[in-house]
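Source file: my_file.cif. Holds: mmCIF, C-alpha atoms.
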data_data
loop_
_atom_site.group_PDB
_atom_site.id
_atom_site.type_symbol
_atom_site.label_atom_id
_atom_site.label_comp_id
_atom_site.auth_asym_id
_atom_site.auth_seq_id
_atom_site.Cartn_x
_atom_site.Cartn_y
_atom_site.Cartn_z
ATOM 1 C CA MET J 1277 61.969 119.749 192.564
ATOM 2 C CA ARG J 1278 63.004 117.725 195.528
ATOM 3 C CA ARG J 1279 66.334 119.477 196.038
ATOM 4 C CA PRO J 1280 67.067 123.119 195.280
ATOM 5 C CA GLU J 1281 70.366 122.386 193.447
ATOM 6 C CA PHE J 1282 68.536 120.061 191.058
ATOM 7 C CA THR J 1283 67.217 122.866 188.863
ATOM 8 C CA ARG J 1284 70.666 124.492 188.782
ATOM 9 C CA ALA J 1285 72.527 121.409 187.469
ATOM 10 C CA PRO J 1286 74.359 122.146 184.185
ATOM 11 C CA GLY J 1287 72.169 119.907 182.033
ATOM 12 C CA PHE J 1288 68.802 120.772 183.579
ATOM 13 C CA LYS J 1289 68.023 123.646 181.211
ATOM 14 C CA SER J 1290 69.020 121.546 178.209
ATOM 15 C CA TYR J 1291 66.446 118.859 179.041
ATOM 16 C CA VAL J 1292 63.682 121.330 179.927
ATOM 17 C CA TYR J 1293 64.248 123.486 176.812
ATOM 18 C CA GLY J 1294 64.371 120.316 174.706
ATOM 19 C CA PHE J 1295 61.150 118.987 176.239
ATOM 20 C CA ALA J 1296 59.340 122.338 175.813
ATOM 21 C CA SER J 1297 60.363 122.756 172.151
ATOM 22 C CA ALA J 1298 59.590 119.109 171.377
ATOM 23 C CA LEU J 1299 56.161 119.516 172.999
ATOM 24 C CA LEU J 1300 55.442 122.669 170.952
ATOM 25 C CA LEU J 1301 56.498 121.025 167.677
ATOM 26 C CA THR J 1302 54.458 117.889 168.459
ATOM 27 C CA ALA J 1303 51.397 120.015 169.301
ATOM 28 C CA PHE J 1304 51.904 121.966 166.058
ATOM 29 C CA SER J 1305 51.987 118.748 163.975
ATOM 30 C CA PHE J 1306 48.992 117.119 165.650
ATOM 31 C CA GLY J 1307 47.117 120.433 165.589
ATOM 32 C CA LEU J 1308 47.628 120.672 161.837
ATOM 33 C CA GLY J 1309 46.703 117.011 161.422
ATOM 34 C CA THR J 1310 43.366 117.278 163.202
ATOM 35 C CA THR J 1311 42.192 120.644 161.832
ATOM 36 C CA HIS J 1312 41.853 121.141 158.100
ATOM 37 C CA LEU J 1313 43.212 124.661 157.769
ATOM 38 C CA ALA J 1314 45.170 124.188 154.548
ATOM 39 C CA PRO J 1315 45.234 121.819 151.553
ATOM 40 C CA PRO J 1316 46.552 118.351 152.516
ATOM 41 C CA ASN J 1317 49.810 118.596 150.547
ATOM 42 C CA ILE J 1318 50.774 121.900 152.220
ATOM 43 C CA VAL J 1319 49.835 120.539 155.663
ATOM 44 C CA LEU J 1320 51.952 117.424 155.022
ATOM 45 C CA ASP J 1321 55.005 119.475 154.018
ATOM 46 C CA MET J 1322 54.648 121.511 157.207
ATOM 47 C CA VAL J 1323 54.356 118.332 159.302
ATOM 48 C CA TYR J 1324 57.492 116.912 157.637
ATOM 49 C CA ALA J 1325 59.378 120.171 158.270
ATOM 50 C CA ALA J 1326 58.288 120.121 161.936
ATOM 51 C CA ALA J 1327 59.490 116.492 162.186
ATOM 52 C CA VAL J 1328 62.944 117.376 160.832
ATOM 53 C CA ILE J 1329 63.218 120.324 163.250
ATOM 54 C CA GLN J 1330 62.053 118.145 166.163
ATOM 55 C CA ILE J 1331 64.628 115.461 165.313
ATOM 56 C CA LEU J 1332 67.345 118.152 165.394
ATOM 57 C CA VAL J 1333 65.925 119.403 168.728
ATOM 58 C CA HIS J 1334 66.150 115.867 170.161
ATOM 59 C CA LEU J 1335 69.712 115.432 168.849
ATOM 60 C CA HIS J 1336 70.801 118.733 170.378
ATOM 61 C CA PHE J 1337 68.981 118.887 173.731
ATOM 62 C CA PHE J 1338 68.528 115.195 174.621
ATOM 63 C CA LEU J 1339 71.466 113.459 172.920
ATOM 64 C CA HIS J 1340 73.759 116.512 173.342
ATOM 65 C CA LEU J 1341 75.145 116.243 169.829
ATOM 66 C CA ASN J 1342 76.978 119.425 168.800
ATOM 67 C CA LEU J 1343 79.837 120.701 166.678
ATOM 68 C CA SER J 1344 82.355 120.898 169.536
ATOM 69 C CA TYR J 1345 85.768 119.221 169.273
ATOM 70 C CA LYS J 1346 84.866 116.710 172.002
ATOM 71 C CA LYS J 1347 81.879 115.488 169.982
ATOM 72 C CA GLN J 1348 83.785 115.308 166.685
ATOM 73 C CA ALA J 1349 83.760 111.490 166.509
ATOM 74 C CA LEU J 1350 79.991 111.328 167.144
ATOM 75 C CA PHE J 1351 79.394 114.029 164.579
ATOM 76 C CA ILE J 1352 81.432 112.281 161.859
ATOM 77 C CA VAL J 1353 79.584 108.986 162.454
ATOM 78 C CA SER J 1354 76.245 110.824 162.321
ATOM 79 C CA LEU J 1355 77.171 112.613 159.107
ATOM 80 C CA PHE J 1356 78.222 109.315 157.492
ATOM 81 C CA THR J 1357 74.927 107.739 158.600
ATOM 82 C CA PHE J 1358 73.039 110.660 157.094
ATOM 83 C CA VAL J 1359 74.783 110.126 153.726
ATOM 84 C CA ILE J 1360 73.990 106.374 153.813
ATOM 85 C CA VAL J 1361 70.343 107.070 154.694
ATOM 86 C CA VAL J 1362 69.976 109.600 151.865
ATOM 87 C CA LEU J 1363 71.548 107.164 149.393
ATOM 88 C CA MET J 1364 69.646 104.040 150.473
ATOM 89 C CA ALA J 1365 66.244 105.317 151.644
ATOM 90 C CA GLY J 1366 66.163 108.298 149.281
ATOM 91 C CA GLY J 1367 67.437 106.175 146.390
ATOM 92 C CA THR J 1368 64.806 103.506 147.074
ATOM 93 C CA LEU J 1369 61.975 106.048 147.016
ATOM 94 C CA TRP J 1370 63.335 107.747 143.894
ATOM 95 C CA ILE J 1371 63.688 104.502 141.913
ATOM 96 C CA ILE J 1372 60.397 102.920 143.011
ATOM 97 C CA PHE J 1373 58.257 106.026 142.448
ATOM 98 C CA SER J 1374 59.992 106.717 139.133
ATOM 99 C CA LEU J 1375 59.258 103.107 138.038
ATOM 100 C CA ASN J 1376 55.695 103.518 139.234
ATOM 101 C CA ALA J 1377 55.276 106.698 137.159
ATOM 102 C CA HIS J 1378 56.679 105.003 134.043
ATOM 103 C CA MET J 1379 54.377 101.978 134.470
ATOM 104 C CA GLY J 1380 51.335 104.203 134.717
ATOM 105 C CA MET H 477 94.402 110.424 159.648
ATOM 106 C CA PRO H 478 95.549 108.988 163.021
ATOM 107 C CA SER H 479 92.605 107.945 165.149
ATOM 108 C CA ALA H 480 93.772 110.131 168.048
ATOM 109 C CA MET H 481 92.739 113.167 166.035
ATOM 110 C CA ILE H 482 89.166 111.990 165.695
ATOM 111 C CA ILE H 483 88.762 110.487 169.158
ATOM 112 C CA PRO H 484 90.537 112.869 171.498
ATOM 113 C CA GLU H 485 91.432 112.102 175.130
ATOM 114 C CA MET H 486 88.836 109.427 175.477
ATOM 115 C CA THR H 487 90.452 107.045 177.921
ATOM 116 C CA ALA H 488 90.307 109.332 180.936
ATOM 117 C CA SER H 489 86.704 110.389 180.537
ATOM 118 C CA GLU H 490 85.013 107.062 181.312
ATOM 119 C CA THR H 491 84.127 108.207 184.805
ATOM 120 C CA SER H 492 83.366 111.776 183.843
ATOM 121 C CA SER H 493 79.919 113.045 184.659
ATOM 122 C CA SER H 494 79.846 116.076 182.354
ATOM 123 C CA LEU H 495 77.368 116.005 179.496
ATOM 124 C CA ASP H 496 80.105 117.252 177.144
ATOM 125 C CA GLU H 497 82.500 114.393 177.791
ATOM 126 C CA VAL H 498 82.319 111.402 175.457
ATOM 127 C CA SER H 499 83.868 108.061 176.406
ATOM 128 C CA VAL H 500 85.091 105.557 173.836
ATOM 129 C CA LYS H 501 82.235 103.209 174.859
ATOM 130 C CA GLU H 502 79.739 105.955 174.081
ATOM 131 C CA ILE H 503 81.289 106.419 170.633
ATOM 132 C CA GLY H 504 81.001 102.669 170.046
ATOM 133 C CA PHE H 505 77.405 102.681 171.242
ATOM 134 C CA TRP H 506 76.641 105.677 169.022
ATOM 135 C CA ILE H 507 77.899 103.673 166.017
ATOM 136 C CA TYR H 508 75.430 100.910 166.979
ATOM 137 C CA LEU H 509 72.617 103.496 167.252
ATOM 138 C CA MET H 510 73.469 104.874 163.818
ATOM 139 C CA SER H 511 73.351 101.365 162.312
ATOM 140 C CA ASP H 512 69.930 101.036 163.938
ATOM 141 C CA ALA H 513 68.972 104.381 162.371
ATOM 142 C CA ILE H 514 69.816 102.944 158.934
ATOM 143 C CA ILE H 515 67.562 99.927 159.617
ATOM 144 C CA PHE H 516 64.718 102.259 160.588
ATOM 145 C CA ALA H 517 65.326 104.520 157.565
ATOM 146 C CA LEU H 518 64.953 101.518 155.243
ATOM 147 C CA LEU H 519 61.819 100.339 157.079
ATOM 148 C CA PHE H 520 60.434 103.869 156.577
ATOM 149 C CA ALA H 521 61.295 103.753 152.861
ATOM 150 C CA THR H 522 59.591 100.339 152.605
ATOM 151 C CA TYR H 523 56.526 101.638 154.444
ATOM 152 C CA ILE H 524 56.192 104.723 152.237
ATOM 153 C CA VAL H 525 56.441 102.581 149.083
ATOM 154 C CA MET H 526 53.840 100.115 150.435
ATOM 155 C CA SER H 527 51.507 102.571 152.177
ATOM 156 C CA ALA H 528 49.019 102.883 149.272
ATOM 157 C CA ASN H 529 48.835 99.107 148.650
ATOM 158 C CA ASN H 530 45.885 98.279 150.877
ATOM 159 C CA ALA H 531 44.624 95.424 148.646
ATOM 160 C CA GLY H 532 41.007 96.529 149.045
ATOM 161 C CA GLY H 533 41.381 96.290 152.818
ATOM 162 C CA PRO H 534 41.272 99.035 155.453
ATOM 163 C CA THR H 535 43.319 102.177 154.760
ATOM 164 C CA ALA H 536 45.363 104.327 157.107
ATOM 165 C CA LYS H 537 42.412 106.746 157.430
ATOM 166 C CA ASP H 538 40.137 103.896 158.591
ATOM 167 C CA LEU H 539 42.615 102.564 161.152
ATOM 168 C CA PHE H 540 44.666 105.359 162.698
ATOM 169 C CA ASP H 541 43.367 107.197 165.756
ATOM 170 C CA LEU H 542 45.359 110.432 166.179
ATOM 171 C CA LYS H 543 44.186 110.924 169.770
ATOM 172 C CA HIS H 544 45.651 107.526 170.700
ATOM 173 C CA THR H 545 48.906 108.374 168.867
ATOM 174 C CA ALA H 546 49.129 111.795 170.551
ATOM 175 C CA GLU H 547 48.796 110.161 173.982
ATOM 176 C CA GLU H 548 51.507 107.633 173.114
ATOM 177 C CA THR H 549 53.726 110.518 171.949
ATOM 178 C CA LEU H 550 53.190 112.409 175.197
ATOM 179 C CA LEU H 551 54.147 109.323 177.247
ATOM 180 C CA LEU H 552 57.361 108.726 175.300
ATOM 181 C CA LEU H 553 58.329 112.409 175.207
ATOM 182 C CA THR H 554 57.850 112.800 178.964
ATOM 183 C CA SER H 555 59.844 109.607 179.534
ATOM 184 C CA SER H 556 62.717 111.222 177.586
ATOM 185 C CA LEU H 557 62.630 114.151 180.020
ATOM 186 C CA THR H 558 62.591 111.920 183.124
ATOM 187 C CA CYS H 559 65.367 109.791 181.582
ATOM 188 C CA GLY H 560 67.421 112.987 181.279
ATOM 189 C CA PHE H 561 66.643 113.794 184.930
ATOM 190 C CA SER H 562 68.000 110.381 185.955
ATOM 191 C CA ILE H 563 71.292 111.289 184.215
ATOM 192 C CA LEU H 564 71.350 114.650 186.047
ATOM 193 C CA ALA H 565 70.831 112.790 189.332
ATOM 194 C CA LEU H 566 73.672 110.484 188.274
ATOM 195 C CA SER H 567 75.977 113.487 187.763
ATOM 196 C CA ARG H 568 75.283 114.458 191.370
ATOM 197 C CA LYS H 569 75.751 110.820 192.456
ATOM 198 C CA CYS H 570 72.393 110.763 194.201
ATOM 199 C CA ARG H 571 71.331 107.109 194.207
ATOM 200 C CA SER H 572 67.754 107.512 195.447
ATOM 201 C CA GLU H 573 66.986 110.189 192.861
ATOM 202 C CA VAL H 574 68.473 108.080 190.057
ATOM 203 C CA LEU H 575 66.201 105.225 191.138
ATOM 204 C CA PHE H 576 63.207 107.545 191.377
ATOM 205 C CA TRP H 577 63.611 108.964 187.848
ATOM 206 C CA LEU H 578 64.445 105.537 186.412
ATOM 207 C CA SER H 579 61.219 104.118 187.805
ATOM 208 C CA VAL H 580 59.177 107.055 186.450
ATOM 209 C CA THR H 581 60.815 106.526 183.028
ATOM 210 C CA ALA H 582 60.138 102.786 183.127
ATOM 211 C CA LEU H 583 56.513 103.403 184.138
ATOM 212 C CA LEU H 584 55.974 105.818 181.234
ATOM 213 C CA GLY H 585 57.705 103.411 178.837
ATOM 214 C CA ALA H 586 55.550 100.516 180.031
ATOM 215 C CA SER H 587 52.397 102.608 179.546
ATOM 216 C CA PHE H 588 53.544 103.398 176.001
ATOM 217 C CA ILE H 589 54.036 99.694 175.244
ATOM 218 C CA GLY H 590 50.649 98.956 176.810
ATOM 219 C CA MET H 591 48.968 101.499 174.520
ATOM 220 C CA GLU H 592 50.771 100.090 171.485
ATOM 221 C CA ILE H 593 49.683 96.525 172.341
ATOM 222 C CA THR H 594 46.094 97.767 172.723
ATOM 223 C CA GLU H 595 46.288 99.422 169.301
ATOM 224 C CA PHE H 596 47.817 96.368 167.579
ATOM 225 C CA HIS H 597 45.329 94.031 169.258
ATOM 226 C CA GLY H 598 42.418 96.225 168.168
ATOM 227 C CA MET H 599 43.681 96.268 164.573
ATOM 228 C CA VAL H 600 44.270 92.502 164.386
ATOM 229 C CA SER H 601 40.848 91.749 165.876
ATOM 230 C CA LYS H 602 39.250 94.020 163.211
ATOM 231 C CA GLY H 603 40.886 91.851 160.525
ATOM 232 C CA ALA H 604 43.588 94.451 159.887
ATOM 233 C CA GLY H 605 46.587 92.321 160.866
ATOM 234 C CA PRO H 606 49.962 92.257 159.116
ATOM 235 C CA ASP H 607 48.728 89.550 156.697
ATOM 236 C CA ARG H 608 45.889 91.729 155.340
ATOM 237 C CA SER H 609 47.809 93.914 152.862
ATOM 238 C CA GLY H 610 51.231 95.204 151.870
ATOM 239 C CA PHE H 611 50.422 98.454 153.676
ATOM 240 C CA LEU H 612 49.694 96.622 156.927
ATOM 241 C CA SER H 613 52.731 94.302 156.614
ATOM 242 C CA ALA H 614 54.989 97.340 156.289
ATOM 243 C CA PHE H 615 53.139 99.179 159.087
ATOM 244 C CA PHE H 616 53.454 96.326 161.604
ATOM 245 C CA THR H 617 57.117 95.754 160.650
ATOM 246 C CA LEU H 618 58.095 99.404 161.142
ATOM 247 C CA VAL H 619 56.040 100.263 164.232
ATOM 248 C CA GLY H 620 56.537 96.775 165.704
ATOM 249 C CA THR H 621 60.333 97.040 165.342
ATOM 250 C CA HIS H 622 60.220 100.324 167.247
ATOM 251 C CA GLY H 623 57.956 98.771 169.902
ATOM 252 C CA LEU H 624 60.349 95.828 170.313
ATOM 253 C CA HIS H 625 63.233 98.278 170.770
ATOM 254 C CA VAL H 626 61.283 100.131 173.465
ATOM 255 C CA SER H 627 60.490 96.792 175.161
ATOM 256 C CA PHE H 628 64.195 95.864 175.182
ATOM 257 C CA GLY H 629 64.982 99.363 176.474
ATOM 258 C CA LEU H 630 62.455 98.762 179.246
ATOM 259 C CA VAL H 631 64.093 95.455 180.244
ATOM 260 C CA TRP H 632 67.495 97.171 180.137
ATOM 261 C CA GLY H 633 66.117 99.996 182.307
ATOM 262 C CA LEU H 634 64.810 97.497 184.891
ATOM 263 C CA VAL H 635 68.213 95.747 184.928
ATOM 264 C CA MET H 636 69.866 99.142 185.467
ATOM 265 C CA MET H 637 67.491 99.871 188.371
ATOM 266 C CA ALA H 638 68.518 96.584 189.969
ATOM 267 C CA GLN H 639 72.206 97.377 189.390
ATOM 268 C CA VAL H 640 71.869 100.864 190.889
ATOM 269 C CA ALA H 641 70.034 99.402 193.886
ATOM 270 C CA VAL H 642 72.490 96.528 194.467
ATOM 271 C CA LYS H 643 75.843 97.829 193.216
ATOM 272 C CA GLY H 644 75.362 101.560 193.697
ATOM 273 C CA LEU H 645 76.613 104.219 191.308
ATOM 274 C CA ASN H 646 80.073 102.828 190.569
ATOM 275 C CA GLU H 647 81.813 103.795 187.317
ATOM 276 C CA HIS H 648 80.614 100.707 185.414
ATOM 277 C CA VAL H 649 76.977 101.207 186.403
ATOM 278 C CA ALA H 650 77.259 104.935 185.609
ATOM 279 C CA SER H 651 78.728 104.193 182.185
ATOM 280 C CA ARG H 652 75.943 101.687 181.401
ATOM 281 C CA LEU H 653 73.296 104.141 182.595
ATOM 282 C CA ARG H 654 74.632 106.793 180.245
ATOM 283 C CA ARG H 655 74.476 104.415 177.287
ATOM 284 C CA TRP H 656 70.965 103.284 178.287
ATOM 285 C CA SER H 657 69.868 106.935 178.284
ATOM 286 C CA MET H 658 71.303 107.355 174.753
ATOM 287 C CA PHE H 659 69.266 104.319 173.644
ATOM 288 C CA TRP H 660 66.099 105.682 175.246
ATOM 289 C CA HIS H 661 66.457 109.196 173.747
ATOM 290 C CA PHE H 662 67.203 107.617 170.355
ATOM 291 C CA LEU H 663 63.938 105.637 170.448
ATOM 292 C CA ASP H 664 62.010 108.825 171.201
ATOM 293 C CA LEU H 665 63.677 110.404 168.152
ATOM 294 C CA ILE H 666 62.568 107.475 165.951
ATOM 295 C CA TRP H 667 59.034 107.867 167.316
ATOM 296 C CA VAL H 668 58.981 111.502 166.086
ATOM 297 C CA ALA H 669 59.531 110.151 162.560
ATOM 298 C CA ILE H 670 56.855 107.464 163.112
ATOM 299 C CA PHE H 671 54.062 109.792 164.223
ATOM 300 C CA SER H 672 54.905 112.252 161.418
ATOM 301 C CA PHE H 673 55.610 109.951 158.468
ATOM 302 C CA VAL H 674 53.222 107.115 159.384
ATOM 303 C CA TYR H 675 50.290 108.339 161.515
ATOM 304 C CA LEU H 676 49.920 111.990 160.433
ATOM 305 C CA ARG H 677 50.814 111.191 156.811
ATOM 306 C CA GLY H 678 48.170 108.442 156.854
ATOM 307 C CA VAL H 679 45.379 110.636 158.193
ATOM 308 C CA ILE H 680 46.025 113.989 156.473
#

Whole structure given in structure tokens:
Amino acid sequence: MRRPEFTRAPGFKSYVYGFASALLLTAFSFGLGTTHLAPPNIVLDMVYAAAVIQILVHLHFFLHLNLSYKKQALFIVSLFTFVIVVLMAGGTLWIIFSLNAHMG
Amino acid sequence: MPSAMIIPEMTASETSSSLDEVSVKEIGFWIYLMSDAIIFALLFATYIVMSANNAGGPTAKDLFDLKHTAEETLLLLTSSLTCGFSILALSRKCRSEVLFWLSVTALLGASFIGMEITEFHGMVSKGAGPDRSGFLSAFFTLVGTHGLHVSFGLVWGLVMMAQVAVKGLNEHVASRLRRWSMFWHFLDLIWVAIFSFVYLRGVI
């Protein structure tokens, strides 16, 4: 880097680790998507799992969300959002696909 | 529960440069981001419900180009890293480095938007616009909403570059820069869900 102290800044490792893990997970997903190594439904589940892990990686290394006391307010808001998303998005999918199955 | 228990010692930390400190403005901005996350979650739910309804028109397999999507992903992911570097430069109060990393981030973001416009233009000119089918309406709404967010983030980033250049790294500019970086990282997070649940799901 342009200055020696740059790489020793407290947050530097966080961003680099985050970028490296995100890159690996992205490569894993696209690698699975372009090769046909397993049946589509298994590949899809693995891609979804990688997406969830990568979202957690981004939250931890880029947005610095953690369980510390200082981040308590952010964590409570995030948890509440998660509950709302599960109820609204999950509920939508459940109801619509259940209706769809009954209509068929 | 008194609010002081949930939001501890927030007034003094507005000027703090540590990544562990959270100011009350950042908590407020986080609440906005979470409301945005709910909007995106519902657009995702809508897309997944609509994704099979192609009305005899082109399907996801016909339209999506994973190589194009992978390049877009690389641009946005790298811009998240350089955005983080601009915040590190901010912690060390180094104005020229903040400007340098902000311009790299803006350049990567602009390239991402350019690639997305190319993709949308190609689809519309093939007759696969948002009016073609329920699948495409939901696709353009979801991915377009994300693209609009990135475009606004880009404008915000350019405004921040001007503020850093003219006003320097005073506490107000620093506080805005930190919130802009939260916005930018958040959009990269949404993109992870888009390439997984829209592009890869469509092609696999």

Using only C-alpha atoms, pick whichever of J:Ser1354, J:Gln1330, J:Thr1368, J:Asn1342 has the shortest atom-to-atom distance to Ala1298 in chain J.
-> J:Gln1330

So which residues get picked by the PyMOL selection byres ((chain J) within 6 of (chain H)) here, written as a PDB file with C-alpha atoms, keeping the file's coordinate frame?
ATOM      1  CA  GLY J1309      46.703 117.011 161.422  1.00  0.00           C
ATOM      2  CA  PRO J1316      46.552 118.351 152.516  1.00  0.00           C
ATOM      3  CA  ILE J1331      64.628 115.461 165.313  1.00  0.00           C
ATOM      4  CA  ALA J1349      83.760 111.490 166.509  1.00  0.00           C
ATOM      5  CA  VAL J1361      70.343 107.070 154.694  1.00  0.00           C
ATOM      6  CA  ALA J1365      66.244 105.317 151.644  1.00  0.00           C
TER       7      ALA J1365
END

For the structure shown, which residues end up in the PyMOL selection byres ((chain J and resi 1319) around 12)? Put them as JSON, numbers by chain, please?
-> {"J": [1304, 1305, 1306, 1307, 1308, 1309, 1310, 1311, 1312, 1313, 1314, 1315, 1316, 1317, 1318, 1320, 1321, 1322, 1323, 1324, 1325, 1326], "H": [672, 676, 677, 679, 680]}

Can you list, as a CSV table (one decimal) with C-alpha atoms, in the coordinates of the input, the residues that the PyMOL selection byres ((chain H and resi 587-593) around 10) selects here?
chain,number,residue,atom,x,y,z
H,544,HIS,CA,45.7,107.5,170.7
H,545,THR,CA,48.9,108.4,168.9
H,547,GLU,CA,48.8,110.2,174.0
H,548,GLU,CA,51.5,107.6,173.1
H,549,THR,CA,53.7,110.5,171.9
H,550,LEU,CA,53.2,112.4,175.2
H,551,LEU,CA,54.1,109.3,177.2
H,552,LEU,CA,57.4,108.7,175.3
H,555,SER,CA,59.8,109.6,179.5
H,581,THR,CA,60.8,106.5,183.0
H,582,ALA,CA,60.1,102.8,183.1
H,583,LEU,CA,56.5,103.4,184.1
H,584,LEU,CA,56.0,105.8,181.2
H,585,GLY,CA,57.7,103.4,178.8
H,586,ALA,CA,55.6,100.5,180.0
H,594,THR,CA,46.1,97.8,172.7
H,595,GLU,CA,46.3,99.4,169.3
H,596,PHE,CA,47.8,96.4,167.6
H,597,HIS,CA,45.3,94.0,169.3
H,598,GLY,CA,42.4,96.2,168.2
H,599,MET,CA,43.7,96.3,164.6
H,619,VAL,CA,56.0,100.3,164.2
H,620,GLY,CA,56.5,96.8,165.7
H,623,GLY,CA,58.0,98.8,169.9
H,624,LEU,CA,60.3,95.8,170.3
H,626,VAL,CA,61.3,100.1,173.5
H,627,SER,CA,60.5,96.8,175.2
H,630,LEU,CA,62.5,98.8,179.2

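Between CA of Ser572 in chain H and CA of Lys1289 in chain J the separation is 21.5 Å.
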
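The space separating CA of Ser651 in chain H from CA of Val1292 in chain J comes to 22.9 Å.
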
Axis-aligned box for range 1351-1369 of chain J, 5 Å per side, centre and edges in Å as lines of an AutoDock Vina configuration file:
center_x = 71.7
center_y = 108.8
center_z = 155.5
size_x = 29.5
size_y = 20.5
size_z = 28.2

Using CA of Gly633 in chain H and CA of Val1353 in chain J as the two end points, give the distance in Å to one decimal.
-> 25.6 Å

Residues near Val574 in chain H, anyone? I mean within 7 Å using only C-alpha atoms, not counting same-chain ones fewer than 4 positions away, as a PDB file with C-alpha atoms, keeping the file's coordinate frame.
ATOM      1  CA  SER H 562      68.000 110.381 185.955  1.00  0.00           C
ATOM      2  CA  ALA H 565      70.831 112.790 189.332  1.00  0.00           C
ATOM      3  CA  LEU H 566      73.672 110.484 188.274  1.00  0.00           C
ATOM      4  CA  CYS H 570      72.393 110.763 194.201  1.00  0.00           C
ATOM      5  CA  LEU H 578      64.445 105.537 186.412  1.00  0.00           C
TER       6      LEU H 578
END
